[in-house]
>>> print(open('input21.txt').read())   # compact mmCIF, C-alpha atoms
# COMPACT_ATOMS: atom_id res chain seq x y z
CA MET A 12 5.12 26.09 32.48
CA HIS A 13 4.69 29.40 30.64
CA PHE A 14 6.72 27.97 27.78
CA TYR A 15 4.21 25.13 27.21
CA ARG A 16 1.32 27.60 27.39
CA TYR A 17 2.89 29.72 24.62
CA ILE A 18 3.59 26.63 22.53
CA THR A 19 -0.06 25.54 22.90
CA ILE A 20 -1.31 28.99 21.84
CA ILE A 21 1.02 29.00 18.79
CA LEU A 22 -0.11 25.49 17.80
CA MET A 23 -3.76 26.51 18.15
CA ILE A 24 -3.22 29.50 15.87
CA PHE A 25 -1.64 27.25 13.23
CA SER A 26 -4.38 24.67 13.58
CA PHE A 27 -6.93 27.37 12.65
CA ASN A 28 -5.02 27.78 9.42
CA ALA A 29 -5.27 24.05 8.83
CA PHE A 30 -9.04 24.11 9.35
CA ALA A 31 -9.26 27.08 7.00
CA THR A 32 -8.19 24.84 4.10
CA PHE A 33 -11.52 22.97 4.34
CA ASN A 34 -14.71 24.10 2.66
CA VAL A 35 -13.10 25.42 -0.48
CA TYR A 36 -15.95 23.98 -2.52
CA GLU A 37 -18.63 26.62 -2.86
CA PHE A 38 -22.21 25.63 -3.63
CA ASN A 39 -23.89 29.03 -3.14
CA ASN A 40 -26.37 27.73 -0.56
CA ASP A 41 -27.44 24.84 -2.78
CA THR A 42 -27.67 22.36 0.09
CA ILE A 43 -28.82 19.47 -2.11
CA LYS A 44 -25.74 19.67 -4.32
CA GLU A 45 -23.50 20.22 -1.30
CA GLU A 46 -24.93 17.10 0.36
CA GLN A 47 -24.51 15.16 -2.91
CA PHE A 48 -20.85 16.25 -3.01
CA ARG A 49 -20.21 15.34 0.64
CA SER A 50 -21.79 11.92 0.38
CA LEU A 51 -20.00 11.12 -2.92
CA ILE A 52 -16.53 12.04 -1.69
CA ALA A 53 -17.20 9.98 1.45
CA ASP A 54 -18.16 6.93 -0.65
CA LEU A 55 -15.34 7.20 -3.19
CA ARG A 56 -11.93 5.77 -2.43
CA CYS A 57 -8.63 7.52 -3.12
CA PRO A 58 -6.81 5.43 -5.79
CA LYS A 59 -3.43 6.46 -4.41
CA CYS A 60 -4.16 5.51 -0.80
CA GLN A 61 -4.80 2.11 0.72
CA ASN A 62 -7.87 2.87 2.77
CA ASN A 63 -8.83 6.51 2.61
CA ASN A 64 -11.90 8.02 1.07
CA LEU A 65 -11.57 11.13 -1.07
CA ALA A 66 -12.92 13.30 1.74
CA ASP A 67 -10.12 12.27 4.13
CA SER A 68 -7.29 12.14 1.63
CA ASN A 69 -4.87 14.98 0.99
CA ALA A 70 -3.11 13.21 -1.88
CA PRO A 71 -2.80 15.54 -4.92
CA LEU A 72 -4.62 13.00 -7.12
CA ALA A 73 -7.48 12.77 -4.57
CA THR A 74 -7.78 16.57 -4.69
CA ASP A 75 -8.01 16.48 -8.50
CA ILE A 76 -10.67 13.76 -8.39
CA LYS A 77 -12.58 15.82 -5.80
CA ASN A 78 -12.36 18.77 -8.21
CA TYR A 79 -13.74 16.56 -10.98
CA VAL A 80 -16.64 15.48 -8.70
CA TYR A 81 -17.28 19.13 -7.76
CA LYS A 82 -17.34 20.32 -11.37
CA SER A 83 -19.54 17.39 -12.42
CA ILE A 84 -22.07 18.10 -9.65
CA LYS A 85 -22.10 21.79 -10.53
CA SER A 86 -22.83 20.88 -14.16
CA GLY A 87 -25.78 18.75 -13.02
CA LYS A 88 -24.40 15.22 -13.35
CA THR A 89 -25.97 12.46 -11.24
CA ASP A 90 -24.14 10.27 -8.69
CA GLU A 91 -24.38 7.35 -11.08
CA GLU A 92 -22.85 9.25 -14.00
CA ILE A 93 -19.94 10.40 -11.84
CA THR A 94 -19.23 6.99 -10.26
CA ASP A 95 -19.62 5.21 -13.63
CA PHE A 96 -17.00 7.51 -15.14
CA LEU A 97 -14.58 6.95 -12.26
CA ILE A 98 -15.15 3.16 -12.31
CA SER A 99 -14.37 3.17 -16.03
CA ARG A 100 -11.03 4.85 -15.17
CA TYR A 101 -10.01 3.16 -11.90
CA GLY A 102 -12.15 0.04 -11.73
CA LEU A 103 -14.24 -1.06 -8.75
CA PHE A 104 -11.35 -0.12 -6.44
CA ILE A 105 -12.63 3.47 -6.46
CA ILE A 106 -15.94 2.66 -4.77
CA TYR A 107 -16.36 1.30 -1.26
CA ASP A 108 -19.66 -0.40 -2.10
CA PRO A 109 -18.77 -2.73 -5.00
CA LYS A 110 -22.45 -3.40 -5.91
CA ILE A 111 -21.71 -7.09 -6.55
CA VAL A 112 -24.61 -8.95 -4.94
CA TRP A 113 -22.91 -12.34 -4.65
CA LEU A 114 -20.06 -10.78 -2.68
CA TRP A 115 -22.52 -10.10 0.14
CA LEU A 116 -24.70 -13.17 -0.40
CA VAL A 117 -22.07 -15.93 -0.41
CA PRO A 118 -20.68 -15.31 3.11
CA LEU A 119 -24.24 -14.95 4.43
CA LEU A 120 -25.27 -18.18 2.74
CA ALA A 121 -22.17 -19.98 4.08
CA ALA A 122 -22.90 -18.72 7.63
CA LEU A 123 -26.56 -19.77 7.42
CA GLY A 124 -25.53 -23.14 6.02
CA GLY A 125 -23.06 -23.58 8.88
CA LEU A 126 -25.75 -22.77 11.45
CA PHE A 127 -28.12 -25.24 9.78
CA VAL A 128 -25.51 -28.03 9.86
CA ILE A 129 -24.68 -27.30 13.53
CA LYS A 130 -28.38 -27.33 14.46
CA LYS A 131 -28.90 -30.65 12.67
CA HIS A 132 -25.85 -32.10 14.40
CA MET A 133 -27.04 -30.93 17.85
CA LYS A 134 -30.46 -32.46 17.24
CA LYS A 135 -28.83 -35.77 16.34
CA GLU A 136 -26.61 -35.65 19.44
CA LYS A 137 -29.60 -34.97 21.65
CA LYS A 138 -31.36 -37.97 20.17
CA ASN A 139 -28.34 -40.19 20.81
CA ASN A 140 -28.04 -39.01 24.43
CA GLN A 141 -31.57 -40.09 25.47
CA PRO A 142 -31.47 -41.57 29.05
CA VAL A 143 -30.88 -45.32 28.92
CA MET A 144 -30.42 -45.62 32.70
CA GLU A 145 -33.42 -47.84 33.49
CA ASP A 146 -31.50 -51.12 33.25
CA THR A 147 -28.23 -49.90 34.64
CA VAL A 148 -27.22 -50.03 38.30
CA THR A 149 -25.62 -47.04 39.95
CA MET A 150 -22.46 -47.29 42.00
CA GLU A 151 -24.37 -46.33 45.13
CA THR A 152 -26.76 -49.28 44.86
CA LEU A 153 -23.86 -51.62 44.17
CA ILE A 154 -22.08 -50.42 47.30
CA ALA A 155 -25.28 -50.67 49.30
CA GLU A 156 -25.87 -54.23 48.06
CA TYR A 157 -22.27 -55.14 48.89
CA GLU A 158 -22.56 -53.67 52.42
CA LYS A 159 -25.84 -55.56 52.94
CA SER A 160 -24.35 -58.91 51.85
CA LYS A 161 -21.37 -58.30 54.12
CA GLU A 162 -23.65 -57.72 57.13
CA GLU A 163 -25.55 -60.93 56.41
CA MET B 11 -32.85 -38.79 3.27
CA ILE B 12 -29.23 -39.50 4.22
CA LYS B 13 -28.22 -38.82 0.65
CA LYS B 14 -30.03 -35.45 0.71
CA ARG B 15 -28.30 -34.43 3.95
CA TYR B 16 -24.99 -35.62 2.58
CA LEU B 17 -25.45 -33.53 -0.58
CA LEU B 18 -26.40 -30.44 1.44
CA GLY B 19 -23.32 -30.84 3.63
CA LEU B 20 -21.18 -31.26 0.54
CA PHE B 21 -22.66 -28.10 -0.99
CA PHE B 22 -21.87 -25.97 2.07
CA ALA B 23 -18.40 -27.50 2.39
CA ALA B 24 -17.73 -26.62 -1.27
CA LEU B 25 -19.05 -23.09 -0.70
CA PHE B 26 -16.83 -22.67 2.35
CA CYS B 27 -13.77 -24.04 0.52
CA SER B 28 -14.34 -21.76 -2.47
CA LEU B 29 -14.61 -18.75 -0.13
CA ILE B 30 -11.33 -19.71 1.57
CA GLY B 31 -9.79 -20.20 -1.90
CA LEU B 32 -10.99 -16.77 -2.98
CA PHE B 33 -9.53 -15.13 0.14
CA ALA B 34 -6.24 -17.02 -0.33
CA LEU B 35 -6.02 -15.80 -3.93
CA GLY B 36 -6.71 -12.27 -2.71
CA LEU B 37 -3.67 -12.48 -0.43
CA ASN B 38 -1.44 -12.66 -3.51
CA ASN B 39 -2.78 -9.37 -4.86
CA ASP B 40 -0.52 -6.40 -4.35
CA PRO B 41 -2.83 -3.72 -2.90
CA ASN B 42 -0.48 -1.06 -4.25
CA LYS B 43 -1.08 -2.14 -7.86
CA LEU B 44 -4.33 -1.24 -9.54
CA ARG B 45 -5.77 -3.21 -12.45
CA LEU B 46 -5.81 -1.18 -15.67
CA ALA B 47 -9.50 -0.33 -16.05
CA THR B 48 -8.90 1.69 -19.22
CA LYS B 49 -7.39 -1.25 -21.15
CA GLY B 50 -8.91 -1.36 -24.64
CA ASN B 51 -10.18 2.24 -24.38
CA LYS B 52 -9.12 4.99 -26.74
CA ILE B 53 -6.90 7.59 -25.10
CA PRO B 54 -9.12 10.48 -23.99
CA GLU B 55 -9.42 13.60 -26.09
CA PHE B 56 -7.29 16.37 -24.60
CA SER B 57 -5.73 19.69 -25.41
CA LEU B 58 -2.87 20.51 -23.03
CA PRO B 59 0.21 22.76 -23.24
CA SER B 60 3.67 21.61 -24.20
CA LEU B 61 6.38 21.95 -21.51
CA PHE B 62 8.89 23.85 -23.63
CA SER B 63 6.98 25.64 -26.38
CA GLY B 64 3.71 26.21 -24.51
CA GLU B 65 1.70 25.37 -27.66
CA LEU B 66 -1.32 23.13 -27.23
CA ILE B 67 -0.88 19.44 -27.86
CA THR B 68 -3.94 17.30 -28.61
CA ASN B 69 -4.48 13.54 -28.71
CA LYS B 70 -4.27 13.76 -32.54
CA ASP B 71 -0.65 14.93 -32.26
CA LEU B 72 0.43 11.62 -30.76
CA VAL B 73 1.62 9.62 -33.77
CA SER B 74 4.21 6.97 -34.49
CA THR B 75 5.90 5.34 -37.46
CA LYS B 76 5.54 1.99 -35.64
CA PRO B 77 2.22 0.29 -34.84
CA TYR B 78 2.53 1.62 -31.27
CA TYR B 79 4.01 4.32 -29.07
CA LEU B 80 4.62 4.85 -25.36
CA ILE B 81 3.28 7.46 -22.93
CA ASN B 82 5.25 8.02 -19.76
CA PHE B 83 3.80 9.94 -16.78
CA TRP B 84 6.55 11.55 -14.76
CA GLY B 85 7.32 14.42 -12.39
CA SER B 86 10.45 16.01 -10.98
CA TRP B 87 8.99 15.28 -7.50
CA CYS B 88 9.06 11.52 -8.10
CA PRO B 89 12.22 9.62 -7.03
CA SER B 90 11.56 6.61 -9.32
CA CYS B 91 11.41 8.98 -12.30
CA TYR B 92 15.08 9.85 -11.72
CA GLU B 93 15.83 6.13 -11.47
CA GLU B 94 14.19 5.25 -14.82
CA HIS B 95 15.35 8.31 -16.73
CA PRO B 96 18.69 6.88 -18.02
CA TYR B 97 16.79 3.82 -19.30
CA LEU B 98 14.24 6.03 -21.10
CA MET B 99 17.16 7.91 -22.70
CA ASN B 100 18.33 4.55 -24.05
CA LEU B 101 14.85 3.46 -25.12
CA GLN B 102 14.09 6.64 -27.08
CA ARG B 103 16.73 5.66 -29.67
CA SER B 104 14.40 2.94 -30.94
CA GLU B 105 10.95 3.89 -29.60
CA THR B 106 8.59 6.88 -29.70
CA ILE B 107 7.91 8.05 -26.15
CA TYR B 108 5.56 10.90 -25.24
CA GLY B 109 6.06 12.36 -21.79
CA VAL B 110 3.31 13.68 -19.53
CA ASN B 111 4.69 15.99 -16.88
CA TRP B 112 2.16 15.33 -14.13
CA LYS B 113 1.42 17.72 -11.25
CA ASP B 114 4.78 19.43 -11.37
CA GLU B 115 6.35 22.87 -11.14
CA THR B 116 7.31 23.93 -14.67
CA PRO B 117 10.82 25.29 -13.78
CA ALA B 118 11.62 22.09 -11.83
CA ALA B 119 10.39 19.94 -14.73
CA LYS B 120 12.47 21.90 -17.23
CA SER B 121 15.63 21.58 -15.14
CA PHE B 122 14.95 17.81 -14.72
CA ILE B 123 15.00 17.45 -18.53
CA LYS B 124 17.96 19.78 -18.99
CA ARG B 125 19.99 17.79 -16.47
CA GLY B 126 19.09 14.25 -17.55
CA GLY B 127 18.34 14.78 -21.27
CA ASN B 128 15.04 14.63 -23.14
CA PRO B 129 13.81 11.14 -24.05
CA PHE B 130 10.37 12.41 -25.11
CA SER B 131 9.12 13.33 -28.59
CA LYS B 132 6.70 15.78 -26.93
CA ILE B 133 6.15 16.71 -23.29
CA ILE B 134 2.59 17.49 -22.22
CA ILE B 135 1.87 19.42 -19.01
CA ASP B 136 -0.96 17.87 -16.98
CA ASN B 137 -1.23 19.81 -13.74
CA ASP B 138 -4.95 19.22 -13.08
CA SER B 139 -4.76 15.46 -13.85
CA THR B 140 -7.10 15.85 -16.86
CA LEU B 141 -5.20 13.26 -18.88
CA ALA B 142 -4.09 11.29 -15.80
CA ILE B 143 -7.65 10.70 -14.57
CA GLY B 144 -8.79 10.02 -18.15
CA MET B 145 -6.23 7.23 -18.45
CA GLY B 146 -6.60 5.88 -14.90
CA VAL B 147 -3.16 6.98 -13.66
CA TYR B 148 -2.69 6.64 -9.89
CA GLY B 149 1.03 7.32 -9.43
CA ALA B 150 4.28 8.18 -11.14
CA PRO B 151 6.09 6.88 -13.03
CA GLU B 152 3.60 5.00 -15.16
CA THR B 153 4.28 3.88 -18.72
CA PHE B 154 1.51 3.05 -21.18
CA LEU B 155 1.70 1.06 -24.40
CA ILE B 156 -0.66 2.60 -26.97
CA THR B 157 -1.45 1.39 -30.48
CA SER B 158 -0.85 3.86 -33.30
CA ASP B 159 -4.61 4.35 -33.54
CA GLY B 160 -4.77 5.37 -29.89
CA ILE B 161 -5.95 2.22 -28.07
CA ILE B 162 -4.56 1.66 -24.55
CA LEU B 163 -2.95 -1.80 -24.47
CA HIS B 164 -0.90 -2.00 -21.30
CA ARG B 165 0.30 -0.02 -18.31
CA TYR B 166 3.31 -0.54 -16.10
CA ALA B 167 3.35 1.31 -12.77
CA GLY B 168 6.90 1.76 -11.52
CA ALA B 169 10.38 2.54 -12.82
CA MET B 170 11.18 1.28 -16.32
CA ASN B 171 14.28 -0.83 -16.89
CA SER B 172 15.39 -3.44 -19.39
CA THR B 173 13.83 -6.36 -17.45
CA VAL B 174 10.46 -4.58 -17.32
CA TRP B 175 10.72 -3.72 -21.01
CA GLN B 176 11.44 -7.31 -21.98
CA LYS B 177 8.88 -8.90 -19.67
CA GLU B 178 6.01 -6.42 -19.74
CA PHE B 179 6.21 -4.70 -23.11
CA LEU B 180 8.03 -6.79 -25.73
CA PRO B 181 5.59 -9.77 -25.66
CA LYS B 182 2.66 -7.39 -26.18
CA ILE B 183 4.48 -5.55 -28.97
CA LYS B 184 5.23 -8.92 -30.61
CA GLN B 185 1.53 -9.85 -30.43
CA LEU B 186 0.61 -6.50 -31.94
CA ARG B 187 3.03 -6.99 -34.83
CA GLU B 188 1.69 -10.49 -35.53
CA LYS B 189 -1.88 -9.22 -35.87
>>> encode(input="input21.txt", output="structure tokens")
Amino acid sequence: MHFYRYITIILMIFSFNAFATFNVYEFNNDTIKEEQFRSLIADLRCPKCQNNNLADSNAPLATDIKNYVYKSIKSGKTDEEITDFLISRYGLFIIYDPKIVWLWLVPLLAALGGLFVIKKHMKKEKKNNQPVMEDTVTMETLIAEYEKSKEE
Amino acid sequence: MIKKRYLLGLFFAALFCSLIGLFALGLNNDPNKLRLATKGNKIPEFSLPSLFSGELITNKDLVSTKPYYLINFWGSWCPSCYEEHPYLMNLQRSETIYGVNWKDETPAAKSFIKRGGNPFSKIIIDNDSTLAIGMGVYGAPETFLITSDGIILHRYAGAMNSTVWQKEFLPKIKQLREK
């Protein structure tokens, strides 16, 4: 039992070291630039990884791109200037929001169209299923008539 | 009225089919391979140290007697770079290849070259990915075909061998010569 306790304490000590590797990007209390940096590295995708943003990736290339973003923000570049540069190097793969309107519109249009067709179809079905029972005879009345004729 | 409804149905069916077609095409894409976004761009301006002499190499130092040259990104940490190295040693007899030693330890890079031979006319050290990001590199090895006036024509990501050379590079070189 003591053994596991010691192991846990040792692991905790090492995990502090791991946390210490974060926050290496200094902004000297410039919260606007720091926020710009955080939101950009969360929106940019690591070109080396399949589905990791720059913020979560430890790939050496991701670190270098983060450094580029950091230096660019420090030198006063806008989000657009930074993402435009990276798109010109890595294509639209590098951004999570591809900014292609039809990509969002087409599935929405197809879904709305589908709903419209279903609604039309249901309306038609409802029309076809109007009660036409006035002239028909139910089984119960047939049985009753049969019983009555039998009695007579 | 029926015709209008029929046309509307046809439109949505076509939209649906084209979406399915688009998704099906997407399935054939290898997510590990990135499209070369820098195709047609000039290689970025740079000034980086040489692996052996330490002197600064700039983009203007990359020249060739042919209408093109090759740039190969490599590192001693990359297993495929060991795999392609003998082929590069063969290729350098007829082609100009510039090497970019990317994100590597200098002693390890030097011993890599000393062991396997030097296929490169010049070796540029790029530890901060200055040139790599500028050219859109996302892994090693990557080999670029560049025109003698510095325009990026093609990139192959992966180990070079004679099949890759014949399929990926020779047709483009032929086109370049015909121009």
>>> closest_atom_pairs(input="input21.txt", of="chain B", to="chain A", cutoff="9 Å", atoms="all atoms listed in the file", output="Markdown table")
| residue | atom | partner | partner_atom | distance |
| --- | --- | --- | --- | --- |
| B:Leu18 | CA | A:Gly124 | CA | 8.7 |
| B:Gly19 | CA | A:Val128 | CA | 7.2 |
| B:Phe22 | CA | A:Gly124 | CA | 6.1 |
| B:Ala23 | CA | A:Ala121 | CA | 8.6 |
| B:Leu25 | CA | A:Ala121 | CA | 6.5 |
| B:Phe26 | CA | A:Ala121 | CA | 6.2 |
| B:Leu29 | CA | A:Pro118 | CA | 7.7 |
| B:Pro41 | CA | A:Gln61 | CA | 7.1 |
| B:Asn42 | CA | A:Gln61 | CA | 7.3 |
| B:Leu44 | CA | A:Tyr101 | CA | 7.6 |
| B:Arg45 | CA | A:Gly102 | CA | 7.2 |
| B:Leu46 | CA | A:Tyr101 | CA | 7.1 |
| B:Ala47 | CA | A:Gly102 | CA | 5.1 |
| B:Thr48 | CA | A:Arg100 | CA | 5.6 |
| B:Lys113 | CA | A:Pro71 | CA | 7.9 |
| B:Asp138 | CA | A:Asp75 | CA | 6.2 |
| B:Ser139 | CA | A:Asp75 | CA | 6.3 |
| B:Thr140 | CA | A:Asp75 | CA | 8.4 |
| B:Ala142 | CA | A:Leu72 | CA | 8.9 |
| B:Ile143 | CA | A:Arg100 | CA | 6.8 |
| B:Gly144 | CA | A:Arg100 | CA | 6.4 |
| B:Met145 | CA | A:Arg100 | CA | 6.3 |
| B:Gly146 | CA | A:Arg100 | CA | 4.6 |
| B:Val147 | CA | A:Tyr101 | CA | 8.0 |
| B:Tyr148 | CA | A:Lys59 | CA | 5.5 |
| B:Gly149 | CA | A:Lys59 | CA | 6.8 |
>>> residues_around(input="input21.txt", residues="Gly160 (chain B)", least_positions_apart="4", cutoff="8 Å", atoms="only C-alpha atoms", output="PyMOL selection string")
chain B and resi 52-53+156
>>> atom_distance(input="input21.txt", atom1="CA of Lys182 (chain B)", atom2="CA of Ile107 (chain B)")
16.3 Å
>>> atom_distance(input="input21.txt", atom1="CA of Asn63 (chain A)", atom2="CA of Ile106 (chain A)")
10.9 Å
>>> atom_distance(input="input21.txt", atom1="CA of Pro89 (chain B)", atom2="CA of Pro151 (chain B)")
9.0 Å
>>> axis_aligned_box(input="input21.txt", around="region 126-142 of chain A", padding_each_side="8 Å", output="lines of an AutoDock Vina configuration file")
center_x = -28.1
center_y = -32.2
center_z = 19.4
size_x = 22.9
size_y = 34.8
size_z = 35.3
>>> closest_residue(input="input21.txt", among="B:Pro129, B:Gly109, B:Pro96, B:Gly50", to="Trp84 (chain B)", atoms="only C-alpha atoms")
B:Gly109
>>> residues_near_point(input="input21.txt", point="(10.3, 15.2, -10.7)", cutoff="12 Å", atoms="only C-alpha atoms", output="VMD selection string")
chain B and resid 83 to 95 110 to 123 125 to 126 150 to 151
>>> closest_residue(input="input21.txt", among="B:Ile135, B:Cys27, B:Leu32, B:Leu17", to="Phe56 (chain B)", atoms="all atoms listed in the file")
B:Ile135
>>> residues_near_point(input="input21.txt", point="(-2.8, 17.1, -24.7)", cutoff="7 Å", atoms="all atoms listed in the file", output="number ranges by chain")
B: 56-59, 66-69, 134
>>> closest_residue(input="input21.txt", among="B:Glu178, B:Asp159, B:Glu152, B:Glu188", to="Ile81 (chain B)", atoms="all atoms listed in the file")
B:Glu152
>>> closest_residue(input="input21.txt", among="A:Asp54, A:Asp108, A:Glu46, A:Asp67", to="Ile84 (chain A)", atoms="all atoms listed in the file")
A:Glu46
>>> closest_residue(input="input21.txt", among="B:Ser131, B:Thr157, B:Ser172, B:Asn137", to="Gln185 (chain B)", atoms="all atoms listed in the file")
B:Thr157
>>> closest_residue(input="input21.txt", among="B:Lys13, B:Lys189, B:Met170, B:Phe21", to="Asn100 (chain B)", atoms="all atoms listed in the file")
B:Met170
>>> residues_around(input="input21.txt", residues="Leu80 (chain B)", least_positions_apart="4", cutoff="7 Å", atoms="all atoms listed in the file", output="PyMOL selection string")
chain B and resi 106-108+153-156
